[in-house]
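Engineer: So I've got this file, start_34.cif, and it contains mmCIF, C-alpha atoms:
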data_input
loop_
_atom_site.label_atom_id
_atom_site.label_comp_id
_atom_site.auth_asym_id
_atom_site.auth_seq_id
_atom_site.Cartn_x
_atom_site.Cartn_y
_atom_site.Cartn_z
CA MET U 239 0.00 0.00 0.00
CA LYS U 240 1.41 3.43 -0.91
CA PHE U 241 0.51 7.01 -0.17
CA LEU U 242 -0.38 9.04 -3.22
CA LEU U 243 2.61 11.37 -3.03
CA PRO U 244 4.36 13.26 -5.83
CA THR U 245 7.59 11.72 -7.05
CA ILE U 246 10.72 13.16 -5.42
CA LEU U 247 13.96 12.84 -7.35
CA PHE U 248 17.09 11.38 -5.81
CA ALA U 249 20.37 10.59 -7.47
CA PRO U 250 20.84 6.86 -8.19
CA LEU U 251 23.01 5.16 -5.59
CA VAL U 252 25.91 2.90 -6.51
CA VAL U 253 26.89 0.61 -3.68
CA GLY U 254 30.51 -0.50 -3.30
CA SER U 255 32.46 -2.30 -6.01
CA ALA U 256 30.01 -5.20 -6.32
CA LEU U 257 28.95 -3.92 -9.74
CA LEU U 258 32.37 -4.84 -11.09
CA ARG U 259 32.13 -8.44 -9.88
CA LYS U 260 28.70 -9.38 -11.21
CA THR U 261 27.26 -10.01 -14.63
CA VAL U 262 23.67 -9.53 -13.43
CA ALA U 263 22.52 -5.93 -13.16
CA PRO U 264 22.15 -4.92 -9.50
CA ILE U 265 18.61 -3.67 -10.17
CA ARG U 266 16.75 -4.57 -13.35
CA ASN U 267 13.28 -4.15 -14.72
CA ILE U 268 11.17 -7.30 -15.00
CA TYR U 269 7.85 -6.01 -16.32
CA THR U 270 5.99 -2.73 -16.72
CA PHE U 271 2.20 -2.73 -16.84
CA GLY U 272 0.15 -0.49 -19.06
CA PRO U 273 -1.50 2.60 -17.57
CA GLY U 274 -3.89 2.23 -14.67
CA VAL U 275 -2.68 -0.96 -12.96
CA PHE U 276 -1.66 0.09 -9.44
CA VAL U 277 0.52 -2.82 -8.32
CA GLU U 278 -0.01 -3.39 -4.62
CA ASN U 279 1.44 -6.69 -3.46
CA ILE U 280 3.40 -9.73 -4.58
CA ALA U 281 3.86 -13.41 -3.77
CA VAL U 282 6.16 -15.97 -5.37
CA ARG U 283 5.15 -19.48 -6.33
CA SER U 284 7.46 -22.48 -5.89
CA ASN U 285 7.91 -22.56 -9.69
CA SER U 286 9.43 -19.05 -9.52
CA ARG U 287 6.41 -17.31 -11.04
CA LEU U 288 5.28 -14.04 -9.49
CA LEU U 289 1.71 -13.27 -8.46
CA THR U 290 0.81 -9.60 -8.23
CA THR U 291 -2.26 -7.82 -6.93
CA SER U 292 -3.60 -4.42 -7.91
CA MET U 293 -5.88 -2.06 -6.02
CA SER U 294 -7.10 -0.49 -9.27
CA VAL U 295 -8.17 -3.61 -11.21
CA PRO U 296 -9.75 -6.88 -9.99
CA GLN U 297 -7.31 -9.23 -11.72
CA LEU U 298 -4.71 -11.50 -10.15
CA TYR U 299 -1.67 -11.46 -12.45
CA GLN U 300 1.11 -13.98 -13.01
CA ILE U 301 4.59 -13.16 -14.37
CA ASP U 302 7.42 -15.57 -15.17
CA PRO U 303 10.59 -13.58 -14.37
CA THR U 304 12.92 -16.31 -15.66
CA VAL U 305 12.11 -15.92 -19.35
CA ALA U 306 13.84 -13.50 -21.70
CA VAL U 307 10.78 -11.28 -22.14
CA PRO U 308 8.43 -11.59 -19.14
CA ALA U 309 4.72 -10.94 -19.64
CA ALA U 310 1.82 -10.50 -17.25
CA THR U 311 -1.16 -12.83 -17.58
CA ALA U 312 -4.42 -12.31 -15.73
CA ILE U 313 -5.13 -15.73 -14.24
CA TYR U 314 -8.32 -14.78 -12.41
CA THR U 315 -10.75 -11.87 -12.22
CA PHE U 316 -12.65 -11.19 -9.00
CA ALA U 317 -16.01 -10.04 -10.31
CA SER U 318 -17.87 -7.31 -8.42
CA ASN U 319 -14.60 -6.03 -6.93
CA THR U 320 -12.46 -3.12 -8.11
CA GLY U 321 -9.11 -4.37 -6.85
CA THR U 322 -7.01 -6.75 -4.81
CA SER U 323 -4.60 -6.08 -1.96
CA GLY U 324 -2.95 -8.63 0.35
CA ILE U 325 -1.75 -12.04 -0.84
CA ALA U 326 0.02 -14.88 0.99
CA GLU U 327 0.69 -18.56 0.33
CA VAL U 328 -1.02 -20.68 3.00
CA LEU U 329 -0.38 -24.19 1.61
CA PRO U 330 1.71 -25.30 -1.38
CA ASP U 331 0.38 -23.30 -4.34
CA ILE U 332 -2.73 -22.20 -2.44
CA PHE U 333 -2.91 -18.47 -1.79
CA ALA U 334 -5.14 -16.28 0.33
CA VAL U 335 -6.12 -13.06 -1.46
CA VAL U 336 -7.95 -9.95 -0.25
CA THR U 337 -10.33 -8.02 -2.50
CA GLY U 338 -12.52 -4.96 -2.09
CA ILE U 339 -14.23 -2.01 -3.73
CA TRP U 340 -11.44 0.53 -3.38
CA ASP U 341 -11.20 4.29 -3.19
CA LEU U 342 -7.60 4.45 -4.34
CA ALA U 343 -7.14 8.15 -3.59
CA ASN U 344 -8.01 7.60 0.07
CA THR U 345 -6.50 4.09 0.30
CA ARG U 346 -9.73 2.74 1.74
CA ALA U 347 -12.36 0.27 0.62
CA VAL U 348 -16.09 0.75 0.84
CA ASN U 349 -17.18 -0.43 4.27
CA ASN U 350 -18.22 -4.10 4.27
CA SER U 351 -16.69 -4.72 0.81
CA ILE U 352 -13.55 -6.54 2.01
CA ASN U 353 -13.52 -10.23 1.08
CA VAL U 354 -10.98 -12.98 1.72
CA TRP U 355 -10.56 -15.76 -0.83
CA THR U 356 -8.34 -18.75 -1.46
CA VAL U 357 -6.89 -19.39 -4.91
CA ASN U 358 -5.70 -22.97 -5.53
CA LEU U 359 -3.18 -23.15 -8.38
CA ASN U 360 -2.37 -26.85 -8.16
CA GLY U 361 -4.53 -27.75 -11.16
CA ALA U 362 -4.80 -26.70 -14.78
CA SER U 363 -7.11 -23.81 -13.84
CA PRO U 364 -7.39 -21.79 -10.62
CA VAL U 365 -9.93 -23.02 -8.10
CA VAL U 366 -11.21 -19.98 -6.22
CA LYS U 367 -13.25 -20.03 -3.03
CA ASN U 368 -14.75 -17.15 -1.11
CA ILE U 369 -13.90 -17.54 2.58
CA CYS U 370 -15.66 -14.57 4.13
CA ASN U 371 -16.98 -11.08 3.71
CA VAL U 372 -15.48 -8.94 6.47
CA VAL U 373 -17.69 -6.23 7.97
CA ASN U 374 -16.63 -3.21 10.02
CA THR U 375 -13.33 -2.63 8.27
CA THR U 376 -12.26 -0.48 5.33
CA ILE U 377 -8.88 -2.07 4.66
CA PHE U 378 -7.01 -5.34 4.90
CA ASN U 379 -3.53 -4.42 3.72
CA ALA U 380 -0.81 -7.08 3.95
CA ILE U 381 -1.71 -10.58 5.10
CA SER U 382 0.47 -13.40 6.43
CA ARG U 383 -0.01 -17.05 7.25
CA ILE U 384 1.00 -18.36 10.65
CA PRO U 385 3.64 -21.05 10.08
CA GLY U 386 2.42 -24.32 11.55
CA THR U 387 -1.21 -23.17 11.51
CA PRO U 388 -2.06 -22.80 7.82
CA ARG U 389 -5.79 -22.44 8.45
CA LEU U 390 -5.14 -19.05 10.05
CA ILE U 391 -4.00 -15.84 8.45
CA LEU U 392 -3.37 -12.45 10.02
CA ALA U 393 -4.34 -9.22 8.25
CA ALA U 394 -3.12 -5.66 8.77
CA ASP U 395 -5.89 -3.11 9.26
CA SER U 396 -4.15 0.17 8.40
CA ALA U 397 -7.14 2.27 9.46
CA LEU U 398 -7.98 0.77 12.85
CA GLY U 399 -4.38 0.02 13.77
CA ALA U 400 -5.19 -3.63 14.40
CA VAL U 401 -4.26 -7.15 13.35
CA TRP U 402 -7.20 -9.33 12.35
CA ARG U 403 -7.28 -13.13 12.38
CA VAL U 404 -9.18 -15.10 9.73
CA ASP U 405 -9.89 -18.85 9.89
CA LEU U 406 -9.74 -20.08 6.30
CA LEU U 407 -11.66 -23.27 7.14
CA THR U 408 -14.63 -21.77 8.98
CA GLY U 409 -14.62 -18.18 7.71
CA ALA U 410 -14.59 -16.88 11.28
CA TYR U 411 -12.74 -13.60 11.76
CA GLY U 412 -12.07 -10.96 14.37
CA VAL U 413 -9.44 -8.62 15.75
CA ALA U 414 -6.54 -10.58 17.24
CA PHE U 415 -4.81 -7.61 18.85
CA SER U 416 -3.98 -3.94 18.40
CA SER U 417 -1.35 -1.47 19.54
CA PRO U 418 -0.75 2.29 19.53
CA LEU U 419 2.26 1.48 17.34
CA PHE U 420 -0.10 0.12 14.67
CA THR U 421 -2.34 3.19 14.33
CA PRO U 422 -2.20 5.88 11.63
CA VAL U 423 -1.36 9.48 12.49
CA SER U 424 -4.62 10.93 11.17
CA SER U 425 -7.37 10.28 8.64
CA ALA U 426 -5.79 12.64 6.11
CA THR U 427 -4.35 11.20 2.91
CA GLY U 428 -0.62 10.77 3.39
CA SER U 429 -0.86 9.94 7.09
CA ASN U 430 -3.81 7.54 7.20
CA LEU U 431 -1.94 4.26 6.76
CA GLY U 432 -0.88 2.70 10.04
CA ILE U 433 0.27 -0.92 10.08
CA ASN U 434 0.99 -1.73 6.44
CA GLY U 435 3.47 -4.46 5.57
CA MET U 436 3.35 -7.60 7.69
CA GLN U 437 5.02 -11.00 7.81
CA VAL U 438 5.23 -13.76 10.42
CA LYS U 439 8.71 -15.22 10.88
CA ASP U 440 10.33 -17.25 13.67
CA GLY U 441 7.57 -16.61 16.20
CA TYR U 442 7.34 -12.89 15.54
CA LEU U 443 4.98 -10.76 13.55
CA TYR U 444 7.11 -8.16 11.76
CA PHE U 445 5.38 -5.03 10.51
CA THR U 446 5.79 -1.57 9.09
CA ASN U 447 3.75 1.47 10.06
CA SER U 448 3.84 3.92 7.17
CA ALA U 449 2.34 6.91 8.98
CA GLN U 450 4.46 6.57 12.10
CA GLY U 451 7.53 5.65 10.09
CA LEU U 452 8.64 2.52 11.87
CA PHE U 453 9.53 -1.13 11.37
CA GLY U 454 9.00 -3.45 14.31
CA LYS U 455 8.07 -6.86 15.60
CA VAL U 456 5.95 -8.52 18.26
CA ALA U 457 6.01 -12.10 19.55
CA ILE U 458 2.90 -14.17 18.78
CA ASP U 459 1.77 -17.72 19.51
CA SER U 460 0.57 -20.40 17.09
CA GLN U 461 -2.94 -18.92 17.09
CA GLY U 462 -1.78 -15.40 16.30
CA ASN U 463 -2.18 -14.02 19.80
CA LYS U 464 0.19 -11.32 20.99
CA ILE U 465 2.47 -12.71 23.73
CA GLY U 466 5.06 -9.95 24.10
CA ALA U 467 5.67 -6.25 23.88
CA VAL U 468 5.89 -4.53 20.51
CA GLN U 469 9.54 -3.76 19.68
CA ILE U 470 10.75 -1.09 17.27
CA ILE U 471 13.64 -2.14 15.02
CA SER U 472 14.11 0.98 12.87
CA TYR U 473 12.58 4.33 11.94
CA SER U 474 12.10 5.80 8.48
CA ASN U 475 12.95 9.27 9.81
CA ALA U 476 16.48 8.26 10.79
CA THR U 477 19.27 10.38 9.34
CA SER U 478 19.84 8.05 6.39
CA THR U 479 16.16 7.60 5.61
CA THR U 480 14.61 11.03 6.18
CA GLY U 481 11.76 11.66 3.75
CA LEU U 482 11.11 7.99 2.99
CA VAL U 483 7.87 6.13 3.59
CA TYR U 484 8.08 2.46 4.58
CA ASP U 485 5.70 0.11 2.79
CA ASP U 486 5.68 -3.70 2.55
CA PHE U 487 8.78 -5.90 2.86
CA SER U 488 10.37 -9.32 2.69
CA PHE U 489 13.44 -11.06 4.15
CA ASP U 490 16.60 -12.27 2.45
CA LEU U 491 18.41 -15.49 3.33
CA SER U 492 20.53 -13.69 5.94
CA GLY U 493 17.50 -12.40 7.84
CA ASN U 494 17.74 -8.81 6.59
CA ALA U 495 14.45 -7.10 5.85
CA TRP U 496 14.08 -5.39 2.47
CA ILE U 497 11.47 -2.66 2.77
CA ALA U 498 9.89 -1.10 -0.30
CA ALA U 499 9.91 2.65 0.31
CA HIS U 500 8.48 5.66 -1.48
CA PRO U 501 9.37 7.50 -3.52
CA ALA U 502 12.27 5.56 -5.11
CA GLN U 503 13.98 3.36 -2.52
CA ALA U 504 14.50 -0.09 -1.11
CA VAL U 505 15.78 -0.10 2.47
CA LYS U 506 17.78 -3.03 3.79
CA VAL U 507 17.41 -3.37 7.57
CA THR U 508 19.59 -5.80 9.50
CA PRO U 509 18.20 -7.69 12.51
CA ALA U 510 20.03 -5.11 14.66
CA GLY U 511 18.24 -2.24 12.92
CA VAL U 512 21.12 -0.96 10.77
CA GLN U 513 19.70 0.56 7.59
CA THR U 514 21.11 0.78 4.08
CA VAL U 515 19.17 2.88 1.59
CA ILE U 516 19.27 1.91 -2.08
CA THR U 517 17.94 4.64 -4.35
CA ASN U 518 17.22 4.31 -8.05
CA THR U 519 14.96 6.95 -9.53
CA THR U 520 14.99 5.23 -12.91
CA LEU U 521 13.70 1.83 -11.80
CA PHE U 522 11.99 2.42 -8.44
CA LYS U 523 8.65 4.17 -8.98
CA ASN U 524 6.92 4.40 -5.59
CA PRO U 525 7.75 0.83 -4.50
CA THR U 526 4.92 -0.93 -2.65
CA SER U 527 6.05 -4.43 -1.69
CA ALA U 528 8.81 -7.03 -1.91
CA ALA U 529 9.20 -10.80 -2.08
CA ARG U 530 12.24 -13.07 -2.23
CA GLY U 531 12.54 -15.29 -5.29
CA ARG U 532 11.99 -19.04 -5.17
CA GLY U 533 13.34 -21.86 -7.30
CA ALA U 534 16.66 -22.53 -9.00
CA GLY U 535 18.85 -19.44 -9.18
CA GLN U 536 16.19 -17.24 -7.58
CA LEU U 537 16.90 -17.32 -3.85
CA THR U 538 19.14 -14.23 -3.85
CA THR U 539 16.76 -12.14 -5.92
CA MET U 540 14.39 -9.70 -4.25
CA TYR U 541 11.40 -8.72 -6.36
CA VAL U 542 9.95 -5.26 -5.72
CA THR U 543 6.64 -3.96 -7.02
CA ASN U 544 6.20 -0.42 -8.25
CA GLY U 545 2.89 1.29 -7.52
CA GLY U 546 3.72 3.75 -10.30
CA GLU U 547 3.59 7.48 -10.86
CA PHE U 548 0.75 9.89 -11.54
CA ALA U 549 0.72 12.16 -14.57
CA PRO U 550 -0.76 15.67 -14.22
CA ASP U 551 -4.12 14.29 -15.39
CA PHE U 552 -3.84 11.57 -12.68
CA THR U 553 -3.18 8.80 -15.19
CA LEU U 554 -1.14 6.10 -13.46
CA PHE U 555 1.96 4.88 -15.30
CA ASN U 556 5.28 3.07 -14.73
CA GLU U 557 3.69 0.38 -12.55
CA GLY U 558 5.41 -3.00 -12.51
CA VAL U 559 8.05 -5.25 -11.00
CA VAL U 560 11.81 -4.87 -10.71
CA ALA U 561 14.44 -7.26 -9.35
CA ILE U 562 17.29 -6.60 -6.92
CA ASP U 563 20.36 -8.86 -6.97
CA VAL U 564 20.77 -9.02 -3.18
CA PRO U 565 24.47 -10.13 -2.99
CA GLN U 566 25.54 -6.93 -4.71
CA PHE U 567 24.21 -4.91 -1.76
CA LEU U 568 25.48 -7.02 1.16
#
Would you mind writing the file's structure down as structure tokens?

Structural biologist:
Amino acid sequence: MKFLLPTILFAPLVVGSALLRKTVAPIRNIYTFGPGVFVENIAVRSNSRLLTTSMSVPQLYQIDPTVAVPAATAIYTFASNTGTSGIAEVLPDIFAVVTGIWDLANTRAVNNSINVWTVNLNGASPVVKNICNVVNTTIFNAISRIPGTPRLILAADSALGAVWRVDLLTGAYGVAFSSPLFTPVSSATGSNLGINGMQVKDGYLYFTNSAQGLFGKVAIDSQGNKIGAVQIISYSNATSTTGLVYDDFSFDLSGNAWIAAHPAQAVKVTPAGVQTVITNTTLFKNPTSAARGRGAGQLTTMYVTNGGEFAPDFTLFNEGVVAIDVPQFL
């Protein structure tokens, strides 16, 4: 999820001498969508293919980043919805997906329009099942499965500042827990997104709060209950990151978080909270999310989605996916 902010120009950053030792470009474009496809989130299948969601169109897209000329294919359309947001794999090649009727300018959905689905990609055609229609919320942003409990997912409510729990077998849902560190700053556009990115890893729920400018974690149990204090790992208003807005993120093989950040950055954060900012105004266009590659030759690639830029007439362009060769920035 991104704020609708004007693009701010930064000089591209070259990191170290790694560029001289690699044949793969440190950051490269994978695919650029046509106008109007606001790319929101990403997941990676075990066969290396990328799944992307969009808050401006109701299609779930698939991209094969391993071919010479990648293309995006709409593999399913969620009728009666205007867009998709969170996505997470819950079982092998079965993904939970969030849809809604979105007001993109305000980064909110129409109340009671949020739905959670599962998309099974194990067969020749997707098998899609509606799990529940969620009332009393206007946004499920990122979602994450709970390792060891695949029937449960957690969802980030950026408006209420809460983490919801959804049972994919029964359709039951409710708020699991909340925190002042999850809330937005205000209801105004640009400060109305609290908890945004989210991922469960090693017994912790890691999260970003875009409005408050922080990346943190909290211990949870196997049912998604909070069992410890919320800890802050890093801030986006630190000296090296002033002016950036944290969005969604993923982890590399060394346990570093890679946070997509507006307007043109990816921020590597070590477990100790040390930040490295990678800026590329040519390829990063309001990054919204990240996911580590899977499959042969893909484990050290970090895929980052671009929400895109707005022309003076508010046409959205330059939305897509780029790839970071992680070893060149370690």

Engineer: Between CA of Leu398 in chain U and CA of Gln297 in chain U, measure the distance and give it in Å to one decimal.

Structural biologist: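 Between CA of Leu398 in chain U and CA of Gln297 in chain U the gap is 26.5 Å.
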
Engineer: Is there a way to get, as a ChimeraX atom specification, all residues within 8 Å of the point (-6.2, 8.9, -1.4) in file coordinates, counting all atoms listed in the file?

Structural biologist: /U:241-242,341-346,427-428

Engineer: Would you put the residues from that selection into a file with C-alpha atoms, as a PDB file, keeping the file's coordinate frame?

Structural biologist:
ATOM      1  CA  PHE U 241       0.510   7.010  -0.170  1.00  0.00           C
ATOM      2  CA  LEU U 242      -0.380   9.040  -3.220  1.00  0.00           C
ATOM      3  CA  ASP U 341     -11.200   4.290  -3.190  1.00  0.00           C
ATOM      4  CA  LEU U 342      -7.600   4.450  -4.340  1.00  0.00           C
ATOM      5  CA  ALA U 343      -7.140   8.150  -3.590  1.00  0.00           C
ATOM      6  CA  ASN U 344      -8.010   7.600   0.070  1.00  0.00           C
ATOM      7  CA  THR U 345      -6.500   4.090   0.300  1.00  0.00           C
ATOM      8  CA  ARG U 346      -9.730   2.740   1.740  1.00  0.00           C
ATOM      9  CA  THR U 427      -4.350  11.200   2.910  1.00  0.00           C
ATOM     10  CA  GLY U 428      -0.620  10.770   3.390  1.00  0.00           C
TER      11      GLY U 428
END

Engineer: Have a look at CA of Ile497 in chain U and CA of Ile313 in chain U and let me know their distance in Å, one decimal.

Structural biologist: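 According to the coordinates, CA of Ile497 in chain U and CA of Ile313 in chain U are separated by 27.1 Å.
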
Engineer: Report as a short mmCIF file (atom, residue, chain, number, x, y, z; two decimals) with C-alpha atoms, keeping the file's coordinate frame the residues that result from applying the PyMOL selection byres ((chain U and resi 481) around 10) to the structure here.

Structural biologist:
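Saved the output as part_7.cif:
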data_model
loop_
_atom_site.label_atom_id
_atom_site.label_comp_id
_atom_site.auth_asym_id
_atom_site.auth_seq_id
_atom_site.Cartn_x
_atom_site.Cartn_y
_atom_site.Cartn_z
CA ILE U 246 10.72 13.16 -5.42
CA GLY U 451 7.53 5.65 10.09
CA SER U 474 12.10 5.80 8.48
CA ASN U 475 12.95 9.27 9.81
CA ALA U 476 16.48 8.26 10.79
CA THR U 477 19.27 10.38 9.34
CA SER U 478 19.84 8.05 6.39
CA THR U 479 16.16 7.60 5.61
CA THR U 480 14.61 11.03 6.18
CA LEU U 482 11.11 7.99 2.99
CA VAL U 483 7.87 6.13 3.59
CA TYR U 484 8.08 2.46 4.58
CA ALA U 499 9.91 2.65 0.31
CA HIS U 500 8.48 5.66 -1.48
CA PRO U 501 9.37 7.50 -3.52
#

Engineer: So what does the PyMOL selection byres ((chain U and resi 406-423) around 6) actually pick up in this one, as a VMD selection string?

Structural biologist: chain U and resid 369 to 370 389 399 to 405 424 429 to 433 449

Engineer: For the selection you just gave me, I'd like the residues written to a file as a PDB file, keeping the file's coordinate frame, keeping C-alpha atoms.

Structural biologist:
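Writing done, so here's result.pdb:
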ATOM      1  CA  ILE U 369     -13.900 -17.540   2.580  1.00  0.00           C
ATOM      2  CA  CYS U 370     -15.660 -14.570   4.130  1.00  0.00           C
ATOM      3  CA  ARG U 389      -5.790 -22.440   8.450  1.00  0.00           C
ATOM      4  CA  GLY U 399      -4.380   0.020  13.770  1.00  0.00           C
ATOM      5  CA  ALA U 400      -5.190  -3.630  14.400  1.00  0.00           C
ATOM      6  CA  VAL U 401      -4.260  -7.150  13.350  1.00  0.00           C
ATOM      7  CA  TRP U 402      -7.200  -9.330  12.350  1.00  0.00           C
ATOM      8  CA  ARG U 403      -7.280 -13.130  12.380  1.00  0.00           C
ATOM      9  CA  VAL U 404      -9.180 -15.100   9.730  1.00  0.00           C
ATOM     10  CA  ASP U 405      -9.890 -18.850   9.890  1.00  0.00           C
ATOM     11  CA  SER U 424      -4.620  10.930  11.170  1.00  0.00           C
ATOM     12  CA  SER U 429      -0.860   9.940   7.090  1.00  0.00           C
ATOM     13  CA  ASN U 430      -3.810   7.540   7.200  1.00  0.00           C
ATOM     14  CA  LEU U 431      -1.940   4.260   6.760  1.00  0.00           C
ATOM     15  CA  GLY U 432      -0.880   2.700  10.040  1.00  0.00           C
ATOM     16  CA  ILE U 433       0.270  -0.920  10.080  1.00  0.00           C
ATOM     17  CA  ALA U 449       2.340   6.910   8.980  1.00  0.00           C
TER      18      ALA U 449
END

Engineer: Compile the contact shell of Val335 in chain U as JSON, numbers by chain: residues with an atom at most 9 Å away, counting only C-alpha atoms, same-chain residues fewer than 6 positions apart removed.

Structural biologist: {"U": [291, 298, 322, 323, 324, 325, 326, 327, 353, 354, 355, 356, 357, 381]}

Engineer: Selection in question (the file shown): the PyMOL selection byres ((chain U and resi 365) around 12). Which residues does it include, as a compact mmCIF listing (two decimals) with C-alpha atoms, in the frame of the given file?

Structural biologist:
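The file below, out_18.txt, is the result:
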# COMPACT_ATOMS: atom_id res chain seq x y z
CA ILE U 313 -5.13 -15.73 -14.24
CA TYR U 314 -8.32 -14.78 -12.41
CA THR U 315 -10.75 -11.87 -12.22
CA ASP U 331 0.38 -23.30 -4.34
CA ILE U 332 -2.73 -22.20 -2.44
CA PHE U 333 -2.91 -18.47 -1.79
CA ALA U 334 -5.14 -16.28 0.33
CA TRP U 355 -10.56 -15.76 -0.83
CA THR U 356 -8.34 -18.75 -1.46
CA VAL U 357 -6.89 -19.39 -4.91
CA ASN U 358 -5.70 -22.97 -5.53
CA LEU U 359 -3.18 -23.15 -8.38
CA ASN U 360 -2.37 -26.85 -8.16
CA GLY U 361 -4.53 -27.75 -11.16
CA ALA U 362 -4.80 -26.70 -14.78
CA SER U 363 -7.11 -23.81 -13.84
CA PRO U 364 -7.39 -21.79 -10.62
CA VAL U 366 -11.21 -19.98 -6.22
CA LYS U 367 -13.25 -20.03 -3.03
CA ASN U 368 -14.75 -17.15 -1.11

Engineer: Could you jot down the CA of Ala528 in chain U to CA of Thr387 in chain U separation for me, Å, one decimal place?

Structural biologist: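 Atom-to-atom, CA of Ala528 in chain U to CA of Thr387 in chain U, that is 23.3 Å.
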
Engineer: Go through U:Asn434, U:Asn350, U:Thr526, U:Gln566 one by one, measure the shortest atom-to-atom distance of each to Thr376 in chain U using all atoms listed in the file, and give the residue with the smallest value.

Structural biologist: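 Using all atoms listed in the file, the shortest distance to Thr376 in chain U belongs to U:Asn350.
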
Engineer: Quick one: of U:Gly321, U:Gly533, U:Gly493, U:Pro330, who's nearest to Asn379 in chain U, counting all atoms listed in the file?

Structural biologist: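 Counting all atoms listed in the file, the residue closest to Asn379 in chain U is U:Gly321.
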
Engineer: As a PyMOL selection string, please: the residues near Pro273 in chain U (cut-off 10 Å, only C-alpha atoms, same-chain neighbours under 4 positions excluded).

Structural biologist: chain U and resi 546-548+553-557

Engineer: So, counting only C-alpha atoms, which residue among U:Ala457, U:Val559, U:Val277, U:Ala510 is closest to Ser292 in chain U?

Structural biologist: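 Smallest distance to Ser292 in chain U is found for U:Val277.
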
Engineer: Give the padded box for range 414-433 of chain U as JSON: axis-aligned, covering all atoms listed in the file, 3 Å on each side, centre and edge lengths in Å to one decimal.

Structural biologist:
{"center_x": -2.6, "center_y": 1.0, "center_z": 11.2, "size_x": 15.6, "size_y": 29.2, "size_z": 22.6}

Engineer: Of the residues U:Val456, U:Leu521, U:Ala502, U:Leu491, which is the one nearest to Thr538 in chain U, using all atoms listed in the file?

Structural biologist: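 Counting all atoms listed in the file, the residue closest to Thr538 in chain U is U:Leu491.
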
Engineer: Just want the 6 Å neighbourhood of Phe276 in chain U, counted on only C-alpha atoms, with same-chain residues fewer than 6 positions away dropped. Output as a PDB file with C-alpha atoms, in the coordinates of the input.

Structural biologist:
ATOM      1  CA  SER U 292      -3.600  -4.420  -7.910  1.00  0.00           C
ATOM      2  CA  MET U 293      -5.880  -2.060  -6.020  1.00  0.00           C
ATOM      3  CA  SER U 294      -7.100  -0.490  -9.270  1.00  0.00           C
ATOM      4  CA  GLY U 545       2.890   1.290  -7.520  1.00  0.00           C
TER       5      GLY U 545
END
